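Reviewing the structure listed below.
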Amino acid sequence: MANASSFIIGANDEHGLNPPTAGKRTPILPYINRSFYENEFNREAKLKFIEADLRCGYNTFDVKPEIQDISISTRVRRINNANLSAVVTFAYNAAGDGTTFNNAQGIEVYYSTLNPKSSLSRTLSTNIYNTLIANTGRNGRGVGTLNVGVLSNVNCASSLIEAGFMTNFVEAKLMLDPDYVTNVAESTCIGLCETLDVQYIPRDNLNNYPTIRLQSRGNFIKLLQYLLNQYGFNLSTDGIFGNNTLSAVRTFQGNNGLSVDGIVGPKTWNALLNLTPTATTIRRGSRSSNVLYLQQKLLSKLYNITNLDGIFGPETERAVIEFQQENGLTPDGIVGPKTWAEIIKIGGERNL
């Protein structure tokens, strides 16, 4: 098998969020009276893909670290200057005028026949597509060709994923489901590994994560930094476990009821990756990565959460009680095994 460290993998997310790219959003969703923006999915899927790549040993390159949209020409220039082995772009589709929901659905993956490595691009796209359909259970619309800049004007293999339709009510809700986002990203990494003949390292096995501490360096430090940034920290993803990373680790450990030793071992990795949320019981006053996960799941099921902050306050409690009432559960606002069993399901819940 090939050594992952001999490849540089680019990850790109379409459109922007601050400000949101005009028109790239779902119709207004009922119950919460807001749209989901396309980049809310694209960016998170990209970051989860980078995490998977780092875990598997690849060198990584974030094509668009900015929150705002960046021109295609700028992204193409960045890709070509970085001398990448391959690049994957994450996007979400739409049909019609974008103001109402319709029946268009499913996953598509694209490559360009104009790409100088079009054969490898086709293989990459096919492998990603097959893994996505097998793992997500979504309808497959096939692998197609599309001659846009991030596919045709780059000097490496390139694929673009349309992971669903914003104008399909069911798939619109999936956009903010953290488990669907992770599934898309991990499936994409599996397809990449198959294409490059690299061993895929599973996400959910804690034995795959080394214990790291101050002065550690390498891919798993970058992975740690990416994960911490998703919990509100603002770390440079430089792969060096310095004092800023140490401070963030200690804060995260304190917020999650862990020993505040600054050492990232199995318990801290488990909390960062949120691998066992159902093993905990959380209620008003709780503060942890599991609470953030709960909030993300509730919002994706159209329960009104306006602040994804990992703090179980009155708004989260109200949403939990509504969820329990509508799912035949005891409406006590406490998230234990029975409530978790319903919450962790991908998709479902409130209808049009």
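We label chains A, B, ... in the order they appear in the structure tokens, count residues from 1 in each chain, and number ligands from 1 in the order shown.
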Would you mind writing down, as a tab-separated table (two decimals) with all heavy atoms, in the first residue's frame, each residue of range 128-247 of chain A that DSSP on the backbone assigns to helix (DSSP H, G or I)?
```tsv
chain	number	residue	atom	x	y	z
A	128	ILE	N	-15.56	7.73	-4.54
A	128	ILE	CA	-16.25	8.54	-3.53
A	128	ILE	C	-17.75	8.33	-3.63
A	128	ILE	O	-18.44	8.11	-2.62
A	128	ILE	CB	-15.88	10.03	-3.69
A	128	ILE	CG1	-14.43	10.28	-3.28
A	128	ILE	CG2	-16.82	10.91	-2.86
A	128	ILE	CD1	-13.94	11.69	-3.58
A	129	TYR	N	-18.27	8.39	-4.85
A	129	TYR	CA	-19.71	8.22	-5.06
A	129	TYR	C	-20.19	6.87	-4.53
A	129	TYR	O	-21.18	6.78	-3.79
A	129	TYR	CB	-20.03	8.35	-6.55
A	129	TYR	CG	-21.47	8.05	-6.89
A	129	TYR	CD1	-22.47	8.99	-6.68
A	129	TYR	CD2	-21.83	6.80	-7.43
A	129	TYR	CE1	-23.79	8.71	-7.00
A	129	TYR	CE2	-23.14	6.52	-7.75
A	129	TYR	CZ	-24.12	7.48	-7.53
A	129	TYR	OH	-25.43	7.19	-7.84
A	130	ASN	N	-19.50	5.80	-4.90
A	130	ASN	CA	-19.92	4.47	-4.47
A	130	ASN	C	-19.93	4.33	-2.95
A	130	ASN	O	-20.84	3.71	-2.37
A	130	ASN	CB	-19.02	3.40	-5.09
A	130	ASN	CG	-19.24	3.25	-6.59
A	130	ASN	OD1	-20.29	3.61	-7.11
A	130	ASN	ND2	-18.24	2.72	-7.28
A	131	THR	N	-18.93	4.91	-2.31
A	131	THR	CA	-18.87	4.83	-0.84
A	131	THR	C	-19.95	5.68	-0.21
A	131	THR	O	-20.57	5.26	0.79
A	131	THR	CB	-17.48	5.28	-0.35
A	131	THR	OG1	-16.46	4.59	-1.07
A	131	THR	CG2	-17.31	4.97	1.13
A	132	LEU	N	-20.20	6.86	-0.75
A	132	LEU	CA	-21.26	7.71	-0.23
A	132	LEU	C	-22.62	7.02	-0.31
A	132	LEU	O	-23.39	7.03	0.66
A	132	LEU	CB	-21.32	9.03	-1.01
A	132	LEU	CG	-20.26	10.07	-0.68
A	132	LEU	CD1	-20.29	11.19	-1.72
A	132	LEU	CD2	-20.49	10.66	0.71
A	133	ILE	N	-22.93	6.42	-1.43
A	133	ILE	CA	-24.23	5.77	-1.59
A	133	ILE	C	-24.34	4.57	-0.65
A	133	ILE	O	-25.38	4.34	-0.01
A	133	ILE	CB	-24.45	5.34	-3.06
A	133	ILE	CG1	-24.41	6.57	-3.98
A	133	ILE	CG2	-25.77	4.60	-3.21
A	133	ILE	CD1	-25.32	7.70	-3.57
A	134	ALA	N	-23.26	3.80	-0.53
A	134	ALA	CA	-23.29	2.63	0.35
A	134	ALA	C	-23.46	3.02	1.81
A	134	ALA	O	-24.16	2.34	2.57
A	134	ALA	CB	-22.00	1.82	0.17
A	135	ASN	N	-22.82	4.14	2.23
A	135	ASN	CA	-22.79	4.47	3.66
A	135	ASN	C	-23.90	5.41	4.11
A	135	ASN	O	-24.28	5.39	5.29
A	135	ASN	CB	-21.44	5.11	4.01
A	135	ASN	CG	-20.31	4.10	3.96
A	135	ASN	OD1	-20.53	2.89	3.84
A	135	ASN	ND2	-19.08	4.58	4.03
A	136	THR	N	-24.41	6.24	3.23
A	136	THR	CA	-25.43	7.21	3.65
A	136	THR	C	-26.85	6.70	3.43
A	136	THR	O	-27.79	7.18	4.08
A	136	THR	CB	-25.30	8.55	2.90
A	136	THR	OG1	-25.58	8.34	1.50
A	136	THR	CG2	-23.90	9.13	3.06
A	149	GLY	N	-14.28	25.64	-12.89
A	149	GLY	CA	-12.87	25.91	-12.61
A	149	GLY	C	-12.21	24.98	-11.62
A	149	GLY	O	-11.09	24.51	-11.85
A	150	VAL	N	-12.89	24.68	-10.48
A	150	VAL	CA	-12.24	23.86	-9.46
A	150	VAL	C	-12.11	22.40	-9.90
A	150	VAL	O	-11.41	21.62	-9.25
A	150	VAL	CB	-12.98	23.94	-8.11
A	150	VAL	CG1	-12.89	25.34	-7.53
A	150	VAL	CG2	-14.43	23.49	-8.25
A	151	LEU	N	-12.76	22.05	-11.00
A	151	LEU	CA	-12.62	20.70	-11.55
A	151	LEU	C	-11.72	20.68	-12.79
A	151	LEU	O	-10.90	19.78	-12.95
A	151	LEU	CB	-13.99	20.13	-11.92
A	151	LEU	CG	-14.95	19.86	-10.77
A	151	LEU	CD1	-16.29	19.35	-11.30
A	151	LEU	CD2	-14.37	18.85	-9.78
A	152	SER	N	-11.88	21.67	-13.65
A	152	SER	CA	-11.20	21.62	-14.95
A	152	SER	C	-9.88	22.37	-15.00
A	152	SER	O	-8.98	22.01	-15.77
A	152	SER	CB	-12.12	22.18	-16.04
A	152	SER	OG	-12.51	23.50	-15.76
A	169	PHE	N	-37.08	18.71	1.41
A	169	PHE	CA	-37.28	18.94	2.84
A	169	PHE	C	-36.46	17.97	3.70
A	169	PHE	O	-35.82	18.37	4.67
A	169	PHE	CB	-38.76	18.84	3.20
A	169	PHE	CG	-39.06	19.11	4.65
A	169	PHE	CD1	-38.87	20.37	5.19
A	169	PHE	CD2	-39.53	18.10	5.48
A	169	PHE	CE1	-39.14	20.63	6.52
A	169	PHE	CE2	-39.80	18.35	6.81
A	169	PHE	CZ	-39.60	19.62	7.34
A	170	VAL	N	-36.47	16.69	3.33
A	170	VAL	CA	-35.73	15.70	4.11
A	170	VAL	C	-34.24	15.97	4.05
A	170	VAL	O	-33.54	15.96	5.08
A	170	VAL	CB	-36.04	14.27	3.60
A	170	VAL	CG1	-35.11	13.25	4.25
A	170	VAL	CG2	-37.50	13.92	3.87
A	171	GLU	N	-33.73	16.25	2.86
A	171	GLU	CA	-32.29	16.46	2.73
A	171	GLU	C	-31.86	17.82	3.24
A	171	GLU	O	-30.71	17.99	3.64
A	171	GLU	CB	-31.88	16.25	1.27
A	171	GLU	CG	-32.05	14.79	0.85
A	171	GLU	CD	-31.55	14.47	-0.54
A	171	GLU	OE1	-31.30	15.40	-1.33
A	171	GLU	OE2	-31.40	13.27	-0.84
A	172	ALA	N	-32.76	18.79	3.27
A	172	ALA	CA	-32.44	20.08	3.88
A	172	ALA	C	-32.13	19.90	5.36
A	172	ALA	O	-31.18	20.49	5.89
A	172	ALA	CB	-33.60	21.06	3.69
A	173	LYS	N	-32.90	19.08	6.04
A	173	LYS	CA	-32.66	18.85	7.47
A	173	LYS	C	-31.33	18.14	7.71
A	173	LYS	O	-30.68	18.36	8.74
A	173	LYS	CB	-33.82	18.05	8.07
A	173	LYS	CG	-35.13	18.81	8.16
A	173	LYS	CD	-36.18	18.06	8.95
A	173	LYS	CE	-36.67	16.83	8.23
A	173	LYS	NZ	-37.70	16.11	9.02
A	174	LEU	N	-30.93	17.30	6.76
A	174	LEU	CA	-29.66	16.58	6.92
A	174	LEU	C	-28.45	17.51	6.90
A	174	LEU	O	-27.39	17.16	7.42
A	174	LEU	CB	-29.50	15.54	5.80
A	174	LEU	CG	-30.46	14.36	5.82
A	174	LEU	CD1	-30.21	13.48	4.60
A	174	LEU	CD2	-30.32	13.55	7.10
A	178	PRO	N	-25.10	16.55	12.53
A	178	PRO	CA	-23.65	16.29	12.64
A	178	PRO	C	-23.26	14.88	12.23
A	178	PRO	O	-22.14	14.67	11.74
A	178	PRO	CB	-23.36	16.55	14.12
A	178	PRO	CG	-24.68	16.37	14.81
A	178	PRO	CD	-25.71	16.85	13.84
A	179	ASP	N	-24.17	13.92	12.39
A	179	ASP	CA	-23.84	12.55	12.00
A	179	ASP	C	-23.85	12.38	10.49
A	179	ASP	O	-23.03	11.64	9.94
A	179	ASP	CB	-24.82	11.58	12.65
A	179	ASP	CG	-24.68	11.55	14.16
A	179	ASP	OD1	-23.53	11.52	14.65
A	179	ASP	OD2	-25.70	11.59	14.86
A	180	TYR	N	-24.76	13.06	9.81
A	180	TYR	CA	-24.76	13.00	8.34
A	180	TYR	C	-23.51	13.69	7.79
A	180	TYR	O	-22.87	13.18	6.88
A	180	TYR	CB	-26.01	13.66	7.77
A	180	TYR	CG	-26.10	13.54	6.26
A	180	TYR	CD1	-26.33	12.31	5.66
A	180	TYR	CD2	-25.93	14.65	5.44
A	180	TYR	CE1	-26.39	12.18	4.28
A	180	TYR	CE2	-25.99	14.53	4.05
A	180	TYR	CZ	-26.22	13.29	3.48
A	180	TYR	OH	-26.27	13.16	2.11
A	181	VAL	N	-23.18	14.83	8.35
A	181	VAL	CA	-21.98	15.56	7.91
A	181	VAL	C	-20.74	14.68	8.06
A	181	VAL	O	-19.92	14.57	7.14
A	181	VAL	CB	-21.82	16.88	8.70
A	181	VAL	CG1	-20.50	17.56	8.35
A	181	VAL	CG2	-22.98	17.82	8.42
A	182	THR	N	-20.60	14.05	9.23
A	182	THR	CA	-19.45	13.19	9.48
A	182	THR	C	-19.46	11.99	8.54
A	182	THR	O	-18.41	11.59	8.01
A	182	THR	CB	-19.43	12.72	10.94
A	182	THR	OG1	-19.32	13.87	11.80
A	182	THR	CG2	-18.26	11.80	11.21
A	183	ASN	N	-20.64	11.42	8.30
A	183	ASN	CA	-20.75	10.28	7.40
A	183	ASN	C	-20.29	10.64	6.00
A	183	ASN	O	-19.54	9.89	5.36
A	183	ASN	CB	-22.22	9.82	7.38
A	183	ASN	CG	-22.39	8.43	6.76
A	183	ASN	OD1	-21.54	7.93	6.05
A	183	ASN	ND2	-23.54	7.83	7.02
A	184	VAL	N	-20.71	11.80	5.50
A	184	VAL	CA	-20.29	12.25	4.17
A	184	VAL	C	-18.77	12.42	4.12
A	184	VAL	O	-18.10	11.97	3.18
A	184	VAL	CB	-20.99	13.57	3.79
A	184	VAL	CG1	-20.35	14.20	2.55
A	184	VAL	CG2	-22.48	13.32	3.55
A	185	ALA	N	-18.21	13.07	5.14
A	185	ALA	CA	-16.77	13.33	5.16
A	185	ALA	C	-15.96	12.04	5.25
A	185	ALA	O	-14.97	11.86	4.52
A	185	ALA	CB	-16.43	14.24	6.34
A	186	GLU	N	-16.37	11.14	6.13
A	186	GLU	CA	-15.63	9.88	6.29
A	186	GLU	C	-15.76	9.01	5.04
A	186	GLU	O	-14.79	8.38	4.60
A	186	GLU	CB	-16.14	9.12	7.51
A	186	GLU	CG	-15.80	9.79	8.84
A	186	GLU	CD	-14.32	9.77	9.16
A	186	GLU	OE1	-13.63	8.79	8.78
A	186	GLU	OE2	-13.83	10.72	9.79
A	187	SER	N	-16.95	8.97	4.44
A	187	SER	CA	-17.14	8.21	3.21
A	187	SER	C	-16.25	8.74	2.09
A	187	SER	O	-15.69	7.98	1.29
A	187	SER	CB	-18.61	8.25	2.79
A	187	SER	OG	-19.44	7.64	3.76
A	188	THR	N	-16.13	10.07	2.05
A	188	THR	CA	-15.26	10.69	1.05
A	188	THR	C	-13.81	10.28	1.25
A	188	THR	O	-13.08	9.97	0.29
A	188	THR	CB	-15.39	12.22	1.10
A	188	THR	OG1	-16.76	12.57	0.89
A	188	THR	CG2	-14.53	12.89	0.06
A	189	CYS	N	-13.38	10.25	2.50
A	189	CYS	CA	-12.00	9.83	2.80
A	189	CYS	C	-11.78	8.36	2.43
A	189	CYS	O	-10.72	8.00	1.92
A	189	CYS	CB	-11.70	10.07	4.28
A	189	CYS	SG	-9.99	9.72	4.74
A	190	ILE	N	-12.78	7.53	2.67
A	190	ILE	CA	-12.65	6.11	2.30
A	190	ILE	C	-12.46	5.99	0.78
A	190	ILE	O	-11.61	5.23	0.30
A	190	ILE	CB	-13.89	5.32	2.76
A	190	ILE	CG1	-13.94	5.25	4.30
A	190	ILE	CG2	-13.86	3.90	2.18
A	190	ILE	CD1	-15.24	4.69	4.85
A	191	GLY	N	-13.27	6.74	0.01
A	191	GLY	CA	-13.12	6.71	-1.44
A	191	GLY	C	-11.77	7.22	-1.89
A	191	GLY	O	-11.18	6.70	-2.85
A	192	LEU	N	-11.26	8.25	-1.21
A	192	LEU	CA	-9.93	8.77	-1.51
A	192	LEU	C	-8.86	7.71	-1.24
A	192	LEU	O	-7.97	7.48	-2.08
A	192	LEU	CB	-9.66	10.01	-0.65
A	192	LEU	CG	-8.25	10.58	-0.70
A	192	LEU	CD1	-7.99	11.27	-2.03
A	192	LEU	CD2	-8.02	11.57	0.46
A	193	CYS	N	-8.96	7.05	-0.09
A	193	CYS	CA	-7.97	6.02	0.26
A	193	CYS	C	-7.99	4.87	-0.73
A	193	CYS	O	-6.94	4.34	-1.11
A	193	CYS	CB	-8.24	5.51	1.67
A	193	CYS	SG	-7.83	6.69	2.99
A	194	GLU	N	-9.18	4.48	-1.18
A	194	GLU	CA	-9.27	3.41	-2.18
A	194	GLU	C	-8.59	3.83	-3.47
A	194	GLU	O	-7.89	3.03	-4.11
A	194	GLU	CB	-10.74	3.08	-2.43
A	194	GLU	CG	-10.95	1.94	-3.41
A	194	GLU	CD	-12.41	1.60	-3.61
A	194	GLU	OE1	-13.25	2.09	-2.85
A	194	GLU	OE2	-12.71	0.82	-4.56
A	195	THR	N	-8.77	5.09	-3.85
A	195	THR	CA	-8.18	5.58	-5.09
A	195	THR	C	-6.66	5.60	-5.03
A	195	THR	O	-5.97	5.25	-6.00
A	195	THR	CB	-8.70	6.99	-5.40
A	195	THR	OG1	-10.13	6.96	-5.47
A	195	THR	CG2	-8.13	7.53	-6.71
A	196	LEU	N	-6.12	6.04	-3.89
A	196	LEU	CA	-4.67	6.21	-3.76
A	196	LEU	C	-3.97	4.99	-3.15
A	196	LEU	O	-2.76	5.03	-2.92
A	196	LEU	CB	-4.38	7.46	-2.92
A	196	LEU	CG	-4.91	8.77	-3.50
A	196	LEU	CD1	-4.58	9.93	-2.57
A	196	LEU	CD2	-4.35	9.03	-4.89
A	206	LEU	N	-10.67	4.30	19.46
A	206	LEU	CA	-9.75	5.15	20.22
A	206	LEU	C	-8.32	4.65	20.20
A	206	LEU	O	-7.40	5.42	20.49
A	206	LEU	CB	-10.25	5.27	21.67
A	206	LEU	CG	-11.47	6.18	21.88
A	206	LEU	CD1	-11.98	6.07	23.31
A	206	LEU	CD2	-11.11	7.63	21.57
A	207	ASN	N	-8.12	3.38	19.86
A	207	ASN	CA	-6.75	2.87	19.77
A	207	ASN	C	-5.97	3.52	18.65
A	207	ASN	O	-4.74	3.42	18.60
A	207	ASN	CB	-6.77	1.35	19.56
A	207	ASN	CG	-7.26	0.60	20.79
A	207	ASN	OD1	-7.04	1.04	21.91
A	207	ASN	ND2	-7.94	-0.51	20.57
A	208	ASN	N	-6.70	4.19	17.73
A	208	ASN	CA	-6.02	4.85	16.61
A	208	ASN	C	-5.49	6.23	16.95
A	208	ASN	O	-4.88	6.88	16.09
A	208	ASN	CB	-6.99	4.96	15.42
A	208	ASN	CG	-7.35	3.61	14.84
A	208	ASN	OD1	-6.55	2.69	14.85
A	208	ASN	ND2	-8.58	3.48	14.34
A	219	ASN	N	0.58	15.19	12.63
A	219	ASN	CA	-0.79	15.20	12.14
A	219	ASN	C	-1.84	15.19	13.24
A	219	ASN	O	-2.88	15.84	13.13
A	219	ASN	CB	-1.02	14.01	11.20
A	219	ASN	CG	-0.79	14.34	9.74
A	219	ASN	OD1	-0.06	15.27	9.43
A	219	ASN	ND2	-1.42	13.60	8.85
A	220	PHE	N	-1.58	14.44	14.29
A	220	PHE	CA	-2.59	14.35	15.33
A	220	PHE	C	-2.68	15.63	16.16
A	220	PHE	O	-3.71	15.89	16.77
A	220	PHE	CB	-2.35	13.12	16.22
A	220	PHE	CG	-2.84	11.86	15.60
A	220	PHE	CD1	-2.00	11.06	14.84
A	220	PHE	CD2	-4.17	11.47	15.72
A	220	PHE	CE1	-2.47	9.90	14.24
A	220	PHE	CE2	-4.65	10.32	15.13
A	220	PHE	CZ	-3.79	9.53	14.38
A	221	ILE	N	-1.62	16.44	16.14
A	221	ILE	CA	-1.72	17.75	16.77
A	221	ILE	C	-2.60	18.66	15.90
A	221	ILE	O	-3.46	19.39	16.41
A	221	ILE	CB	-0.33	18.40	16.97
A	221	ILE	CG1	0.64	17.40	17.59
A	221	ILE	CG2	-0.46	19.64	17.84
A	221	ILE	CD1	0.15	16.74	18.84
A	222	LYS	N	-2.41	18.59	14.58
A	222	LYS	CA	-3.30	19.34	13.69
A	222	LYS	C	-4.75	18.90	13.87
A	222	LYS	O	-5.67	19.72	13.91
A	222	LYS	CB	-2.88	19.15	12.23
A	222	LYS	CG	-1.61	19.87	11.83
A	222	LYS	CD	-1.38	19.72	10.33
A	222	LYS	CE	-0.11	20.44	9.89
A	222	LYS	NZ	0.10	20.31	8.43
A	223	LEU	N	-4.95	17.60	13.96
A	223	LEU	CA	-6.30	17.08	14.16
A	223	LEU	C	-6.89	17.62	15.46
A	223	LEU	O	-8.05	18.08	15.50
A	223	LEU	CB	-6.26	15.55	14.20
A	223	LEU	CG	-7.54	14.83	14.61
A	223	LEU	CD1	-8.70	15.22	13.71
A	223	LEU	CD2	-7.32	13.32	14.59
A	224	LEU	N	-6.11	17.60	16.53
A	224	LEU	CA	-6.55	18.17	17.80
A	224	LEU	C	-6.93	19.63	17.64
A	224	LEU	O	-7.98	20.07	18.16
A	224	LEU	CB	-5.41	18.02	18.83
A	224	LEU	CG	-5.56	18.79	20.14
A	224	LEU	CD1	-6.73	18.25	20.95
A	224	LEU	CD2	-4.26	18.74	20.94
A	225	GLN	N	-6.12	20.38	16.95
A	225	GLN	CA	-6.38	21.81	16.78
A	225	GLN	C	-7.65	22.07	15.97
A	225	GLN	O	-8.44	22.95	16.31
A	225	GLN	CB	-5.16	22.49	16.15
A	225	GLN	CG	-3.95	22.53	17.08
A	225	GLN	CD	-2.64	22.79	16.37
A	225	GLN	OE1	-2.48	22.54	15.17
A	225	GLN	NE2	-1.65	23.31	17.11
A	226	TYR	N	-7.86	21.29	14.91
A	226	TYR	CA	-9.10	21.41	14.14
A	226	TYR	C	-10.32	21.11	15.01
A	226	TYR	O	-11.34	21.79	14.96
A	226	TYR	CB	-9.08	20.48	12.93
A	226	TYR	CG	-8.47	21.08	11.70
A	226	TYR	CD1	-7.19	20.74	11.28
A	226	TYR	CD2	-9.18	22.01	10.93
A	226	TYR	CE1	-6.63	21.29	10.13
A	226	TYR	CE2	-8.63	22.56	9.78
A	226	TYR	CZ	-7.35	22.20	9.39
A	226	TYR	OH	-6.81	22.76	8.26
A	227	LEU	N	-10.21	20.06	15.83
A	227	LEU	CA	-11.33	19.70	16.71
A	227	LEU	C	-11.60	20.79	17.73
A	227	LEU	O	-12.76	21.18	17.95
A	227	LEU	CB	-11.03	18.37	17.40
A	227	LEU	CG	-11.06	17.12	16.52
A	227	LEU	CD1	-10.45	15.93	17.25
A	227	LEU	CD2	-12.48	16.80	16.08
A	228	LEU	N	-10.57	21.30	18.36
A	228	LEU	CA	-10.75	22.35	19.37
A	228	LEU	C	-11.36	23.60	18.76
A	228	LEU	O	-12.21	24.25	19.38
A	228	LEU	CB	-9.41	22.67	20.03
A	228	LEU	CG	-8.89	21.62	21.02
A	228	LEU	CD1	-7.43	21.89	21.39
A	228	LEU	CD2	-9.75	21.58	22.29
A	229	ASN	N	-10.95	23.93	17.54
A	229	ASN	CA	-11.51	25.12	16.88
A	229	ASN	C	-13.01	24.98	16.66
A	229	ASN	O	-13.74	25.98	16.66
A	229	ASN	CB	-10.79	25.39	15.57
A	229	ASN	CG	-9.41	25.99	15.77
A	229	ASN	OD1	-9.07	26.44	16.87
A	229	ASN	ND2	-8.61	26.00	14.73
A	243	ASN	N	1.82	26.38	23.87
A	243	ASN	CA	1.09	26.86	25.05
A	243	ASN	C	-0.36	27.23	24.75
A	243	ASN	O	-1.24	27.03	25.60
A	243	ASN	CB	1.83	28.05	25.65
A	243	ASN	CG	3.13	27.65	26.32
A	243	ASN	OD1	3.25	26.56	26.87
A	243	ASN	ND2	4.13	28.52	26.28
A	244	ASN	N	-0.63	27.77	23.56
A	244	ASN	CA	-2.02	28.11	23.23
A	244	ASN	C	-2.88	26.85	23.11
A	244	ASN	O	-4.02	26.82	23.58
A	244	ASN	CB	-2.08	28.91	21.92
A	244	ASN	CG	-1.52	30.30	22.06
A	244	ASN	OD1	-1.45	30.85	23.16
A	244	ASN	ND2	-1.12	30.90	20.95
A	245	THR	N	-2.32	25.83	22.49
A	245	THR	CA	-3.05	24.56	22.39
A	245	THR	C	-3.23	23.94	23.77
A	245	THR	O	-4.30	23.42	24.10
A	245	THR	CB	-2.31	23.59	21.45
A	245	THR	OG1	-2.19	24.18	20.15
A	245	THR	CG2	-3.04	22.27	21.33
A	246	LEU	N	-2.19	24.02	24.60
A	246	LEU	CA	-2.28	23.50	25.96
A	246	LEU	C	-3.40	24.19	26.74
A	246	LEU	O	-4.21	23.54	27.42
A	246	LEU	CB	-0.94	23.70	26.68
A	246	LEU	CG	-0.90	23.29	28.16
A	246	LEU	CD1	-1.12	21.79	28.32
A	246	LEU	CD2	0.45	23.70	28.79
A	247	SER	N	-3.48	25.51	26.64
A	247	SER	CA	-4.52	26.25	27.34
A	247	SER	C	-5.91	25.84	26.86
A	247	SER	O	-6.84	25.66	27.67
A	247	SER	CB	-4.31	27.76	27.13
A	247	SER	OG	-5.36	28.50	27.72
```
Item to check | For Ala4 in chain A: contacts at 7 Å, only C-alpha atoms, fewer than 5 positions along chain excluded, given as a count of residues only | outcome: 4
Checklist entry - If you count only C-alpha atoms, which residues fall within 10 Å of Arg217 in chain A, apart from same-chain ones fewer than 3 positions away, as a list in words? => result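 Counting only the stated atoms, we get Ile212, Arg213, Leu214, Phe220, Ile221, Lys222, Asp238, Gly239, Ile240, Phe241 and Gly242 of chain A.
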Let me see the file: selected residues, C-alpha atoms, as a PDB file, in the first residue's frame.
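Result file part38.pdb:
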```
ATOM      1  CA  ILE A 212      -0.183  13.690  23.016  1.00  0.00           C
ATOM      2  CA  ARG A 213       1.013  16.526  25.212  1.00  0.00           C
ATOM      3  CA  LEU A 214       2.958  19.792  25.250  1.00  0.00           C
ATOM      4  CA  PHE A 220      -2.590  14.346  15.334  1.00  0.00           C
ATOM      5  CA  ILE A 221      -1.722  17.754  16.769  1.00  0.00           C
ATOM      6  CA  LYS A 222      -3.298  19.342  13.690  1.00  0.00           C
ATOM      7  CA  ASP A 238       0.249  24.279  12.725  1.00  0.00           C
ATOM      8  CA  GLY A 239       0.713  20.794  14.151  1.00  0.00           C
ATOM      9  CA  ILE A 240       2.713  22.061  17.142  1.00  0.00           C
ATOM     10  CA  PHE A 241       1.387  21.445  20.677  1.00  0.00           C
ATOM     11  CA  GLY A 242       2.390  24.789  22.153  1.00  0.00           C
TER      12      GLY A 242
END
```
Item to check | Residue neighbourhood Glu349 in chain A, 12 Å, only C-alpha atoms, exclusion window fewer than 2 positions, as a VMD selection string | outcome: chain A and resid 31 169 to 170 173 to 174 297 to 303 322 to 327 342 to 347 351 to 352
Checklist entry - What residues in range 64-131 of chain A get the DSSP label strand (DSSP E or B)? Please answer as a list in words. => result Ala86, Val87, Val88, Thr89, Phe90, Ala91, Tyr92, Asn93, Ile107, Glu108, Val109, Tyr110 and Tyr111 of chain A
Write a file of the just-selected residues containing N, CA and C atoms, as a PDB file, in the first residue's frame.
```pdb
ATOM      1  N   ALA A  86      -4.584  15.701  -4.919  1.00  0.00           N
ATOM      2  CA  ALA A  86      -6.009  15.636  -5.233  1.00  0.00           C
ATOM      3  C   ALA A  86      -6.719  16.705  -4.412  1.00  0.00           C
ATOM      4  N   VAL A  87      -7.893  17.107  -4.885  1.00  0.00           N
ATOM      5  CA  VAL A  87      -8.704  18.074  -4.142  1.00  0.00           C
ATOM      6  C   VAL A  87     -10.159  17.633  -4.236  1.00  0.00           C
ATOM      7  N   VAL A  88     -10.877  17.802  -3.125  1.00  0.00           N
ATOM      8  CA  VAL A  88     -12.301  17.478  -3.077  1.00  0.00           C
ATOM      9  C   VAL A  88     -13.066  18.722  -2.651  1.00  0.00           C
ATOM     10  N   THR A  89     -14.144  19.022  -3.363  1.00  0.00           N
ATOM     11  CA  THR A  89     -14.988  20.169  -3.065  1.00  0.00           C
ATOM     12  C   THR A  89     -16.338  19.678  -2.549  1.00  0.00           C
ATOM     13  N   PHE A  90     -16.802  20.306  -1.469  1.00  0.00           N
ATOM     14  CA  PHE A  90     -18.083  19.938  -0.872  1.00  0.00           C
ATOM     15  C   PHE A  90     -19.129  20.995  -1.210  1.00  0.00           C
ATOM     16  N   ALA A  91     -20.291  20.523  -1.660  1.00  0.00           N
ATOM     17  CA  ALA A  91     -21.374  21.412  -2.063  1.00  0.00           C
ATOM     18  C   ALA A  91     -22.711  20.740  -1.767  1.00  0.00           C
ATOM     19  N   TYR A  92     -23.795  21.511  -1.918  1.00  0.00           N
ATOM     20  CA  TYR A  92     -25.152  20.992  -1.737  1.00  0.00           C
ATOM     21  C   TYR A  92     -25.997  21.545  -2.867  1.00  0.00           C
ATOM     22  N   ASN A  93     -26.838  20.721  -3.435  1.00  0.00           N
ATOM     23  CA  ASN A  93     -27.559  21.033  -4.652  1.00  0.00           C
ATOM     24  C   ASN A  93     -28.872  21.769  -4.382  1.00  0.00           C
ATOM     25  N   ILE A 107     -27.576  12.198  -4.177  1.00  0.00           N
ATOM     26  CA  ILE A 107     -26.162  12.577  -4.198  1.00  0.00           C
ATOM     27  C   ILE A 107     -25.612  12.447  -5.615  1.00  0.00           C
ATOM     28  N   GLU A 108     -24.831  13.433  -6.008  1.00  0.00           N
ATOM     29  CA  GLU A 108     -24.110  13.406  -7.276  1.00  0.00           C
ATOM     30  C   GLU A 108     -22.646  13.734  -7.001  1.00  0.00           C
ATOM     31  N   VAL A 109     -21.751  13.173  -7.790  1.00  0.00           N
ATOM     32  CA  VAL A 109     -20.331  13.514  -7.722  1.00  0.00           C
ATOM     33  C   VAL A 109     -19.869  13.838  -9.143  1.00  0.00           C
ATOM     34  N   TYR A 110     -19.069  14.897  -9.266  1.00  0.00           N
ATOM     35  CA  TYR A 110     -18.654  15.382 -10.582  1.00  0.00           C
ATOM     36  C   TYR A 110     -17.131  15.402 -10.728  1.00  0.00           C
ATOM     37  N   TYR A 111     -16.686  15.269 -11.971  1.00  0.00           N
ATOM     38  CA  TYR A 111     -15.303  15.509 -12.366  1.00  0.00           C
ATOM     39  C   TYR A 111     -15.339  16.190 -13.724  1.00  0.00           C
TER      40      TYR A 111
END
```
